[in-house]
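query-v9.csv, holding CSV, C-alpha atoms and all ligand atoms:
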chain,number,residue,atom,x,y,z
L,1,ILE,CA,94.4,96.4,108.9
L,2,LEU,CA,92.1,95.9,111.8
L,3,ASP,CA,94.2,93.2,113.4
L,4,SER,CA,97.3,95.2,113.0
L,5,MET,CA,95.6,98.2,114.6
L,6,ARG,CA,94.4,96.2,117.5
L,7,GLY,CA,97.9,95.0,118.0
L,8,ARG,CA,99.2,98.6,118.3
L,9,LEU,CA,96.6,99.7,120.8
L,10,GLU,CA,98.2,98.2,123.8
L,11,LEU,CA,99.2,100.6,126.5
L,12,ASP,CA,101.4,99.7,129.4
L,13,GLY,CA,100.1,101.5,132.5
L,14,GLY,CA,98.8,104.3,130.4
L,15,HIS,CA,102.0,104.5,128.3
L,16,LEU,CA,102.7,103.4,124.8
L,17,ASN,CA,104.1,99.9,124.8
L,18,MET,CA,106.5,100.3,122.0
L,19,ALA,CA,110.0,99.2,122.8
L,20,GLY,CA,111.6,101.4,120.1
L,21,PHE,CA,109.9,104.4,121.6
L,22,ARG,CA,110.6,103.7,125.2
L,23,ALA,CA,114.4,103.7,124.6
L,24,TYR,CA,114.2,107.1,123.0
L,25,GLU,CA,111.3,108.8,124.9
L,26,GLN,CA,113.5,111.3,126.6
L,27,LYS,CA,114.9,112.4,123.3
L,28,PHE,CA,111.4,112.9,122.0
L,29,VAL,CA,110.4,114.9,125.1
L,30,ASN,CA,113.4,117.2,124.7
L,31,ALA,CA,113.4,117.4,120.9
L,32,HIS,CA,113.5,120.9,119.6
L,33,ARG,CA,112.0,119.9,116.3
L,34,ILE,CA,110.7,116.8,114.5
L,35,ILE,CA,111.4,116.4,110.8
L,36,ILE,CA,109.4,113.8,108.9
L,37,VAL,CA,110.8,112.4,105.7
L,38,ALA,CA,108.8,110.2,103.4
L,39,CYS,CA,107.4,109.8,99.8
L,40,GLY,CA,104.0,109.4,98.3
L,41,THR,CA,101.3,108.0,100.6
L,42,SER,CA,103.7,107.8,103.5
L,43,TRP,CA,104.4,111.5,103.1
L,44,HIS,CA,100.6,112.1,103.5
L,45,ALA,CA,100.7,110.1,106.7
L,46,GLY,CA,103.6,112.4,107.8
L,47,LEU,CA,101.5,115.4,107.0
L,48,VAL,CA,98.7,114.1,109.3
L,49,ALA,CA,101.5,113.7,112.0
L,50,GLU,CA,102.4,117.3,111.7
L,51,TYR,CA,98.9,118.2,112.9
L,52,LEU,CA,98.9,115.4,115.5
L,53,ILE,CA,102.3,116.2,117.1
L,54,GLU,CA,101.9,119.9,117.0
L,55,ASP,CA,98.4,119.6,118.5
L,56,LEU,CA,99.0,117.0,121.1
L,57,ALA,CA,102.7,117.4,122.0
L,58,ARG,CA,103.5,121.0,121.0
L,59,ILE,CA,106.8,120.2,119.2
L,60,PRO,CA,107.4,122.0,115.9
L,61,VAL,CA,107.2,119.6,113.0
L,62,GLU,CA,108.4,119.9,109.4
L,63,VAL,CA,107.3,117.4,106.8
L,64,GLU,CA,109.7,117.0,103.9
L,65,TYR,CA,109.6,115.1,100.6
L,66,ALA,CA,112.6,112.8,101.1
L,67,SER,CA,113.3,113.2,97.4
L,68,GLU,CA,113.9,116.9,97.9
L,69,PHE,CA,115.4,116.9,101.4
L,70,ARG,CA,118.2,114.5,100.3
L,71,TYR,CA,119.4,116.9,97.6
L,72,ARG,CA,119.4,120.2,99.4
L,73,ASN,CA,121.5,121.3,102.3
L,74,PRO,CA,119.0,121.2,105.3
L,75,VAL,CA,119.8,122.6,108.7
L,76,ILE,CA,119.8,119.7,111.1
L,77,SER,CA,121.1,119.5,114.7
L,78,GLU,CA,121.6,116.7,117.3
L,79,ARG,CA,118.4,117.9,119.0
L,80,ASP,CA,116.3,117.1,115.9
L,81,ILE,CA,114.5,113.9,115.6
L,82,VAL,CA,113.9,112.6,112.1
L,83,ILE,CA,110.9,110.3,111.6
L,84,ALA,CA,111.3,108.2,108.4
L,85,ILE,CA,108.0,106.7,107.2
L,86,SER,CA,107.9,104.0,104.6
L,87,GLN,CA,105.6,101.1,103.8
L,88,SER,CA,108.2,99.0,102.0
L,89,GLY,CA,111.1,100.2,104.0
L,90,GLU,CA,113.1,100.2,100.8
L,91,THR,CA,112.4,103.6,99.2
L,92,ALA,CA,115.8,104.9,98.1
L,93,ASP,CA,114.9,108.6,98.6
L,94,THR,CA,113.7,108.0,102.1
L,95,LEU,CA,116.8,106.0,103.0
L,96,ALA,CA,119.1,108.6,101.6
L,97,ALA,CA,117.2,111.4,103.5
L,98,LEU,CA,117.5,109.6,106.8
L,99,GLU,CA,121.2,108.8,106.2
L,100,LEU,CA,121.9,112.5,105.5
L,101,ALA,CA,120.1,113.5,108.8
L,102,LYS,CA,122.0,110.8,110.7
L,103,SER,CA,125.3,112.1,109.4
L,104,LYS,CA,124.5,115.4,110.9
L,105,GLY,CA,123.8,113.9,114.3
L,106,ALA,CA,120.0,113.7,114.3
L,107,THR,CA,118.2,110.7,116.0
L,108,ILE,CA,116.3,108.6,113.4
L,109,PHE,CA,113.0,107.0,114.2
L,110,GLY,CA,111.5,104.7,111.6
L,111,ILE,CA,107.9,103.7,110.9
L,112,CYS,CA,107.9,100.8,108.4
L,113,ASN,CA,105.6,97.8,107.6
L,114,VAL,CA,108.4,95.4,106.6
L,115,VAL,CA,110.5,93.9,109.4
L,116,GLY,CA,114.2,94.0,108.7
L,117,SER,CA,113.9,96.3,105.7
L,118,SER,CA,116.7,98.7,104.7
L,119,ILE,CA,115.1,101.7,106.3
L,120,ALA,CA,114.3,99.9,109.5
L,121,ARG,CA,117.9,98.7,109.8
L,122,ALA,CA,119.3,102.2,109.2
L,123,THR,CA,117.2,103.9,112.0
L,124,ASP,CA,118.2,104.3,115.7
L,125,ALA,CA,114.8,103.1,116.8
L,126,GLY,CA,111.3,102.7,115.4
L,127,ALA,CA,107.9,101.1,115.4
L,128,TYR,CA,106.7,98.5,113.0
L,129,THR,CA,103.2,98.9,111.9
L,130,HIS,CA,102.9,95.1,111.4
L,131,ALA,CA,100.4,95.8,108.6
L,132,GLY,CA,102.3,93.5,106.3
L,133,PRO,CA,103.4,94.5,102.8
L,134,GLU,CA,100.8,95.9,100.6
L,135,ILE,CA,99.3,93.3,98.2
L,136,GLY,CA,99.0,95.9,95.5
L,137,VAL,CA,101.4,98.6,94.6
L,138,ALA,CA,99.4,101.6,95.8
L,139,SER,CA,99.5,102.0,99.6
L,140,THR,CA,96.1,101.8,101.4
L,141,LYS,CA,96.3,99.8,104.7
L,142,ALA,CA,99.8,101.2,105.2
L,143,PHE,CA,98.3,104.7,105.5
L,144,THR,CA,95.9,103.6,108.1
L,145,ALA,CA,98.5,101.7,110.1
L,146,GLN,CA,101.1,104.6,109.9
L,147,VAL,CA,98.5,107.1,111.0
L,148,THR,CA,97.6,104.9,113.9
L,149,VAL,CA,101.2,104.5,115.1
L,150,LEU,CA,101.6,108.3,114.7
L,151,VAL,CA,98.5,109.0,116.8
L,152,LEU,CA,100.0,106.8,119.6
L,153,LEU,CA,103.4,108.4,119.2
L,154,ALA,CA,101.9,112.0,119.4
L,155,MET,CA,99.8,111.0,122.4
L,156,SER,CA,102.8,109.4,124.2
L,157,ILE,CA,105.0,112.4,123.7
L,158,GLY,CA,102.2,114.8,124.7
L,159,GLN,CA,101.6,112.7,127.9
L,160,ARG,CA,105.3,112.9,128.9
L,161,ARG,CA,105.6,116.6,128.0
L,162,GLY,CA,102.5,117.4,130.0
L,163,THR,CA,100.8,119.0,127.0
L,164,LEU,CA,98.1,116.3,127.0
L,165,SER,CA,96.0,115.6,130.1
L,166,GLU,CA,95.4,112.1,131.4
L,167,THR,CA,91.7,112.6,130.9
L,168,LYS,CA,92.3,113.5,127.2
L,169,VAL,CA,94.6,110.5,126.8
L,170,ARG,CA,91.9,108.2,128.2
L,171,GLU,CA,89.3,109.8,126.0
L,172,LEU,CA,91.4,109.4,122.9
L,173,MET,CA,92.3,105.8,123.7
L,174,ALA,CA,88.7,104.9,124.1
L,175,GLU,CA,87.9,106.5,120.8
L,176,LEU,CA,90.9,104.8,119.1
L,177,HIS,CA,89.5,101.4,120.3
L,178,SER,CA,86.3,102.3,118.5
L,179,ILE,CA,88.0,103.0,115.2
L,180,PRO,CA,88.2,99.4,113.8
L,181,ALA,CA,84.4,99.2,114.0
L,182,LYS,CA,84.0,102.6,112.4
L,183,VAL,CA,86.4,101.6,109.6
L,184,GLU,CA,84.4,98.4,109.1
L,185,LYS,CA,81.2,100.6,108.8
L,186,ALA,CA,82.9,102.9,106.3
L,187,LEU,CA,83.9,99.9,104.2
L,188,LYS,CA,80.2,99.0,104.0
L,189,LEU,CA,79.7,102.2,101.9
L,190,ASP,CA,81.0,100.2,99.0
L,191,ALA,CA,77.8,99.8,97.0
L,192,GLU,CA,76.9,103.5,97.2
L,193,ILE,CA,80.4,104.5,96.2
L,194,GLN,CA,80.2,102.2,93.2
L,195,VAL,CA,77.2,104.3,92.0
L,196,ILE,CA,79.3,107.5,92.3
L,197,ALA,CA,82.2,105.8,90.4
L,198,GLU,CA,79.8,104.9,87.6
L,199,THR,CA,78.8,108.6,87.3
L,200,PHE,CA,82.4,109.9,87.1
L,201,LYS,CA,84.4,107.1,85.6
L,202,ASP,CA,85.0,109.0,82.3
L,203,VAL,CA,85.9,112.4,83.5
L,204,PRO,CA,89.4,113.7,82.8
L,205,ASN,CA,89.9,115.7,86.1
L,206,PHE,CA,89.0,115.6,89.8
L,207,LEU,CA,89.6,118.1,92.5
L,208,TYR,CA,89.9,117.1,96.2
L,209,LEU,CA,89.5,119.6,99.0
L,210,GLY,CA,89.9,119.3,102.8
L,211,ARG,CA,91.0,121.5,105.7
L,212,GLY,CA,92.9,120.6,108.9
L,213,TYR,CA,93.3,116.9,109.5
L,214,ASN,CA,91.3,116.3,106.2
L,215,PHE,CA,93.8,118.3,104.1
L,216,PRO,CA,96.3,115.4,103.9
L,217,VAL,CA,93.3,113.1,103.3
L,218,ALA,CA,92.4,115.2,100.2
L,219,LEU,CA,95.9,114.8,99.0
L,220,GLU,CA,95.8,111.1,99.5
L,221,GLY,CA,92.4,110.7,97.8
L,222,ALA,CA,93.8,112.5,94.7
L,223,LEU,CA,97.0,110.4,94.7
L,224,LYS,CA,95.0,107.2,94.9
L,225,LEU,CA,92.9,108.2,91.9
L,226,LYS,CA,96.0,109.2,89.9
L,227,GLU,CA,97.9,106.0,90.8
L,228,ILE,CA,95.2,103.4,90.0
L,229,SER,CA,92.8,105.0,87.6
L,230,TYR,CA,95.1,107.4,85.7
L,231,ILE,CA,92.7,110.3,86.1
L,232,HIS,CA,94.3,113.6,86.7
L,233,ALA,CA,93.5,114.7,90.2
L,234,GLU,CA,94.6,117.6,92.4
L,235,GLY,CA,94.3,117.7,96.2
L,236,TYR,CA,94.2,121.2,97.8
L,237,PRO,CA,93.6,122.7,101.2
L,238,ALA,CA,90.1,124.0,100.8
L,239,ALA,CA,91.1,127.5,101.8
L,240,GLU,CA,93.7,127.6,99.0
L,241,MET,CA,91.1,127.1,96.3
L,242,LYS,CA,90.5,130.8,95.9
L,243,HIS,CA,94.2,131.3,95.2
L,244,GLY,CA,94.1,129.6,91.9
L,245,PRO,CA,92.3,126.2,91.5
L,246,ILE,CA,88.9,127.9,91.6
L,247,ALA,CA,89.6,128.9,88.0
L,248,LEU,CA,89.2,125.2,87.1
L,249,ILE,CA,85.7,124.8,88.5
L,250,ASP,CA,82.8,124.6,86.1
L,251,GLU,CA,79.9,122.2,85.5
L,252,ASN,CA,82.3,119.5,84.3
L,253,MET,CA,84.6,119.4,87.4
L,254,PRO,CA,83.9,116.8,90.1
L,255,VAL,CA,85.0,118.2,93.5
L,256,VAL,CA,85.4,115.8,96.4
L,257,VAL,CA,85.1,117.7,99.6
L,258,ILE,CA,86.0,116.0,102.9
L,259,ALA,CA,83.7,117.9,105.2
L,260,THR,CA,83.3,116.0,108.5
L,261,ARG,CA,82.0,117.7,111.6
L,262,ASP,CA,85.2,119.2,113.1
L,263,SER,CA,86.6,122.6,114.0
L,264,SER,CA,86.8,123.8,110.4
L,265,TYR,CA,83.3,122.6,109.4
L,266,GLU,CA,81.7,126.0,109.0
L,267,LYS,CA,84.6,127.2,106.8
L,268,VAL,CA,84.3,124.0,104.6
L,269,VAL,CA,80.6,124.8,104.2
L,270,SER,CA,81.5,128.2,102.7
L,271,ASN,CA,84.0,126.5,100.4
L,272,ILE,CA,81.3,124.2,99.2
L,273,GLN,CA,79.1,127.2,98.5
L,274,GLU,CA,81.9,128.7,96.4
L,275,VAL,CA,82.2,125.5,94.4
L,276,LYS,CA,78.4,125.3,94.0
L,277,ALA,CA,78.2,128.9,92.8
L,278,ARG,CA,80.5,127.9,90.0
L,279,LYS,CA,78.4,124.8,89.2
L,280,GLY,CA,81.1,122.3,90.3
L,281,ARG,CA,79.8,118.8,90.9
L,282,ILE,CA,80.1,118.2,94.6
L,283,ILE,CA,80.8,114.8,96.2
L,284,ALA,CA,80.9,115.4,99.9
L,285,VAL,CA,82.2,113.1,102.7
L,286,VAL,CA,80.3,114.1,105.7
L,287,THR,CA,79.6,113.0,109.3
L,288,GLU,CA,76.6,110.8,109.8
L,289,GLY,CA,73.5,112.9,110.5
L,290,ASP,CA,74.7,116.0,108.8
L,291,THR,CA,71.8,117.9,107.1
L,292,THR,CA,73.4,121.1,105.9
L,293,ILE,CA,76.0,119.8,103.4
L,294,PRO,CA,73.7,117.1,101.9
L,295,ALA,CA,71.4,119.8,100.8
L,296,MET,CA,74.2,121.4,98.7
L,297,ALA,CA,75.9,118.3,97.3
L,298,GLU,CA,75.2,116.1,94.3
L,299,PHE,CA,76.5,113.0,96.1
L,300,VAL,CA,76.9,112.5,99.9
L,301,ILE,CA,79.0,109.8,101.6
L,302,GLU,CA,78.3,109.5,105.4
L,303,VAL,CA,81.1,108.3,107.7
L,304,PRO,CA,80.8,107.6,111.4
L,305,PRO,CA,81.7,110.5,113.8
L,306,THR,CA,85.0,110.4,115.6
L,307,SER,CA,87.4,112.6,117.4
L,308,GLU,CA,88.9,115.3,115.1
L,309,VAL,CA,92.5,114.0,115.5
L,310,LEU,CA,91.4,110.5,114.4
L,311,THR,CA,89.3,111.7,111.5
L,312,PRO,CA,91.8,110.6,108.7
L,313,LEU,CA,91.5,107.0,109.8
L,314,VAL,CA,87.8,107.0,108.8
L,315,SER,CA,87.6,109.7,106.1
L,316,VAL,CA,90.2,108.2,103.9
L,317,ILE,CA,88.3,104.9,103.5
L,318,PRO,CA,85.6,106.2,101.1
L,319,LEU,CA,88.2,107.9,99.0
L,320,GLN,CA,90.2,104.7,98.6
L,321,LEU,CA,87.0,102.9,97.6
L,322,LEU,CA,86.1,105.6,95.1
L,323,SER,CA,89.5,105.3,93.4
L,324,TYR,CA,89.2,101.5,93.4
L,325,HIS,CA,85.8,101.4,91.8
L,326,ILE,CA,86.6,104.0,89.2
L,327,ALA,CA,89.8,102.1,88.3
L,328,VAL,CA,87.9,98.8,88.0
L,329,LEU,CA,85.2,100.4,85.8
L,330,ARG,CA,88.0,101.9,83.5
L,331,GLY,CA,89.5,98.4,83.2
L,332,CYS,CA,92.7,99.3,85.0
L,333,ASN,CA,94.8,96.8,86.9
L,334,VAL,CA,94.4,98.1,90.5
L,335,ASP,CA,97.1,95.8,91.9
L,336,GLN,CA,99.7,96.6,89.3
L,337,PRO,CA,99.2,100.1,88.0
L,338,ARG,CA,101.2,101.0,85.0
L,339,ASN,CA,104.6,102.8,85.6
L,340,LEU,CA,104.5,102.2,89.3
L,341,ALA,CA,107.0,100.1,91.3
L,342,LYS,CA,106.2,98.4,94.6
L,343,SER,CA,109.3,99.9,96.1
L,344,VAL,CA,111.1,102.7,94.4
L,345,THR,CA,114.7,101.7,95.0
L,346,VAL,CA,116.5,104.1,92.6
L,401,LIG,C1,106.3,105.3,98.8
L,401,LIG,C2,105.4,105.2,97.5
L,401,LIG,C3,104.0,104.8,97.8
L,401,LIG,C4,103.2,104.6,96.5
L,401,LIG,C5,103.9,103.8,95.5
L,401,LIG,C6,105.3,104.3,95.3
L,401,LIG,O1,106.5,104.0,99.2
L,401,LIG,O2,105.4,106.6,97.0
L,401,LIG,O3,103.3,105.6,98.7
L,401,LIG,O4,101.9,104.1,96.8
L,401,LIG,O5,104.0,102.4,95.9
L,401,LIG,O6,106.0,104.4,96.5
L,401,LIG,P1,107.0,103.6,100.7
L,401,LIG,O7,108.3,104.3,101.0
L,401,LIG,O8,105.9,104.0,101.6
L,401,LIG,O9,107.2,102.1,100.6
Structure encoded using structure tokens:
Amino acid sequence: ILDSMRGRLELDGGHLNMAGFRAYEQKFVNAHRIIIVACGTSWHAGLVAEYLIEDLARIPVEVEYASEFRYRNPVISERDIVIAISQSGETADTLAALELAKSKGATIFGICNVVGSSIARATDAGAYTHAGPEIGVASTKAFTAQVTVLVLLAMSIGQRRGTLSETKVRELMAELHSIPAKVEKALKLDAEIQVIAETFKDVPNFLYLGRGYNFPVALEGALKLKEISYIHAEGYPAAEMKHGPIALIDENMPVVVIATRDSSYEKVVSNIQEVKARKGRIIAVVTEGDTTIPAMAEFVIEVPPTSEVLTPLVSVIPLQLLSYHIAVLRGCNVDQPRNLAKSVTV
């Protein structure tokens, strides 16, 4: 992962050095909308991109499950850009969704791991993550690599559209260069996460909550747990909790809250209070040095601080480790989970 990320961080004179992007940069600058199509973990990376592109480049973004988009009658025009994200590059739903958009005149940009894959070949342009195929079935490094490429893409479009200042670009690039070390540090949380896994390995349900950039991370944490440990898990935007899922919370419900120090921090603190008032068992992912949330949580996982827009790259790591350890303790095959295919080609 780290090597692949280092490979993507090259900027040419302050601009993204990505041949596939260069040829289509004017289209991106003038795009009236960006539609992202993907499945599973790649869809979650797409959801992070919605926040990134709207924040940094101010282009409206829609994120669509490819498996729905392909079967409805979406409104698409030549001024739309469709970004198809896929680890394997072979997912049938994603391929069909991009072909539908292409037939209506949209420009298709692909983000795939696998060079020469079907999706990569069907796009007009794209960026390979060069993360290599996943060793196991469940996507992990693909998410990190996809989000990294999407950060670079959002920054580059923002730079050209004038929505992102040169100072901000330099700041974000410096921070992006520090991410590999921060990911390495987060991976060292392994032993303490193993203890949390021991505590919760036999529970039937989990809830994951996050806001803003950490909302897609909550979804991804829940998906990883479902995929490899077969525990039912739901990811929700923390603010949606009161609209239904709060009914599930009692002393038996572990609630993973991704609560790093960002613009929604105070609101997440009040969500944690709501969970605590209902005796939910709180596992909080916080920024190093936080003292408020640790006083409220049963378990605390500290991750290094980073810029808000880069948070998912760091905050997803402990959730992947948690799913991994729970799955191992339950005797599940983490590389080859039951019922899952490496690429879903039907
Ligand atoms: C999409 C995906 C993966 C998931 C599993 C099934 O694949 O849903 O996210 O982990 O492997 O397929 P892709 O289009 O990203 O290859």
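For the atom pair formed by atom CA of Phe28 of chain L and atom CA of Asp80 of chain L, the distance is 8.9 Å, given to one decimal.
From atom CA of Ser139 of chain L back to atom CA of Ala92 of chain L, the distance works out to 16.6 Å.
Every residue having at least one atom no farther than 7 Å from ligand LIG 401 (chain L) is included below, with all atoms listed in the file taken into account: L:Ala38, L:Cys39, L:Gly40, L:Thr41, L:Ser42, L:Ile85, L:Ser86, L:Gln87, L:Ser88, L:Gly89, L:Glu90, L:Thr91, L:Thr94, L:Val137, L:Ala138, L:Ser139, L:Leu340, L:Ala341, L:Lys342, L:Ser343, L:Val344.
Distance-wise, atom CA of Val195 of chain L and atom CA of Ile301 of chain L end up 11.2 Å apart.
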Selected residue, from L:Ile272, L:Ala191, L:Leu313, L:Val346, that lies nearest to Val147 of chain L when counting all atoms listed in the file: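 Using all atoms listed in the file, Val147 of chain L sits closest to L:Leu313.
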Residue nearest Ser270 of chain L - candidates L:Thr345, L:Asn214, L:Thr292, L:Ser156, atoms counted: only C-alpha atoms: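 Result for the nearest residue to Ser270 of chain L: L:Thr292.
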Do you know which residues lie at most 8 Å from (76.6, 113.7, 104.4), with coordinates as in the file and only C-alpha atoms counted, and could you write them as a list of chain:residue names?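 Output of the proximity query reads L:Ala284, L:Val285, L:Val286, L:Thr287, L:Glu288, L:Gly289, L:Asp290, L:Thr291, L:Ile293, L:Pro294, L:Val300, L:Ile301, L:Glu302, L:Val303.
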Can you tell me, as an MDAnalysis selection string, what residues are no more than 12 Å from Pro318 of chain L when counting only C-alpha atoms, ignoring any on the same chain fewer than 2 positions away? chainID L and resid 140 182:194 196:197 217:218 220:221 224:225 256:258 283:286 300:304 312:316 320:325
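Closest to Ile35 of chain L among L:Tyr208, L:Asn73, L:Ala97, L:Ser67 is L:Ala97, based on all atoms listed in the file.
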Model the absent atoms of segment 208-224 of chain L so that N, CA and C atoms are present, and write the result as a PDB file, in the coordinates of the input.
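Once everything was written out, this is result.pdb:
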ATOM      1  N   TYR L 208      90.147 117.513  94.850  1.00  0.00           N
ATOM      2  CA  TYR L 208      89.900 117.100  96.200  1.00  0.00           C
ATOM      3  C   TYR L 208      90.201 118.185  97.180  1.00  0.00           C
ATOM      4  N   LEU L 209      89.256 118.493  98.074  1.00  0.00           N
ATOM      5  CA  LEU L 209      89.500 119.600  99.000  1.00  0.00           C
ATOM      6  C   LEU L 209      89.254 119.123 100.459  1.00  0.00           C
ATOM      7  N   GLY L 210      90.082 119.616 101.361  1.00  0.00           N
ATOM      8  CA  GLY L 210      89.900 119.300 102.800  1.00  0.00           C
ATOM      9  C   GLY L 210      90.638 120.375 103.600  1.00  0.00           C
ATOM     10  N   ARG L 211      90.250 120.518 104.860  1.00  0.00           N
ATOM     11  CA  ARG L 211      91.000 121.500 105.700  1.00  0.00           C
ATOM     12  C   ARG L 211      91.431 120.700 106.968  1.00  0.00           C
ATOM     13  N   GLY L 212      92.439 121.223 107.652  1.00  0.00           N
ATOM     14  CA  GLY L 212      92.900 120.600 108.900  1.00  0.00           C
ATOM     15  C   GLY L 212      93.344 119.191 108.680  1.00  0.00           C
ATOM     16  N   TYR L 213      92.883 118.312 109.556  1.00  0.00           N
ATOM     17  CA  TYR L 213      93.300 116.900 109.500  1.00  0.00           C
ATOM     18  C   TYR L 213      92.795 116.268 108.144  1.00  0.00           C
ATOM     19  N   ASN L 214      91.806 116.876 107.523  1.00  0.00           N
ATOM     20  CA  ASN L 214      91.300 116.300 106.200  1.00  0.00           C
ATOM     21  C   ASN L 214      92.064 116.884 105.032  1.00  0.00           C
ATOM     22  N   PHE L 215      93.006 117.807 105.248  1.00  0.00           N
ATOM     23  CA  PHE L 215      93.800 118.300 104.100  1.00  0.00           C
ATOM     24  C   PHE L 215      94.712 117.156 103.582  1.00  0.00           C
ATOM     25  N   PRO L 216      95.503 116.492 104.445  1.00  0.00           N
ATOM     26  CA  PRO L 216      96.300 115.400 103.900  1.00  0.00           C
ATOM     27  C   PRO L 216      95.425 114.270 103.317  1.00  0.00           C
ATOM     28  N   VAL L 217      94.213 114.111 103.829  1.00  0.00           N
ATOM     29  CA  VAL L 217      93.300 113.100 103.300  1.00  0.00           C
ATOM     30  C   VAL L 217      92.902 113.468 101.855  1.00  0.00           C
ATOM     31  N   ALA L 218      92.705 114.770 101.609  1.00  0.00           N
ATOM     32  CA  ALA L 218      92.400 115.200 100.200  1.00  0.00           C
ATOM     33  C   ALA L 218      93.556 114.899  99.312  1.00  0.00           C
ATOM     34  N   LEU L 219      94.768 115.145  99.777  1.00  0.00           N
ATOM     35  CA  LEU L 219      95.900 114.800  99.000  1.00  0.00           C
ATOM     36  C   LEU L 219      96.006 113.335  98.663  1.00  0.00           C
ATOM     37  N   GLU L 220      95.724 112.543  99.684  1.00  0.00           N
ATOM     38  CA  GLU L 220      95.800 111.100  99.500  1.00  0.00           C
ATOM     39  C   GLU L 220      94.704 110.575  98.598  1.00  0.00           C
ATOM     40  N   GLY L 221      93.505 111.144  98.699  1.00  0.00           N
ATOM     41  CA  GLY L 221      92.400 110.700  97.800  1.00  0.00           C
ATOM     42  C   GLY L 221      92.809 111.002  96.349  1.00  0.00           C
ATOM     43  N   ALA L 222      93.403 112.174  96.103  1.00  0.00           N
ATOM     44  CA  ALA L 222      93.800 112.500  94.700  1.00  0.00           C
ATOM     45  C   ALA L 222      94.932 111.615  94.250  1.00  0.00           C
ATOM     46  N   LEU L 223      95.865 111.300  95.128  1.00  0.00           N
ATOM     47  CA  LEU L 223      97.000 110.400  94.700  1.00  0.00           C
ATOM     48  C   LEU L 223      96.478 109.025  94.366  1.00  0.00           C
ATOM     49  N   LYS L 224      95.545 108.509  95.185  1.00  0.00           N
ATOM     50  CA  LYS L 224      95.000 107.200  94.900  1.00  0.00           C
ATOM     51  C   LYS L 224      94.359 107.130  93.525  1.00  0.00           C
TER      52      LYS L 224
END
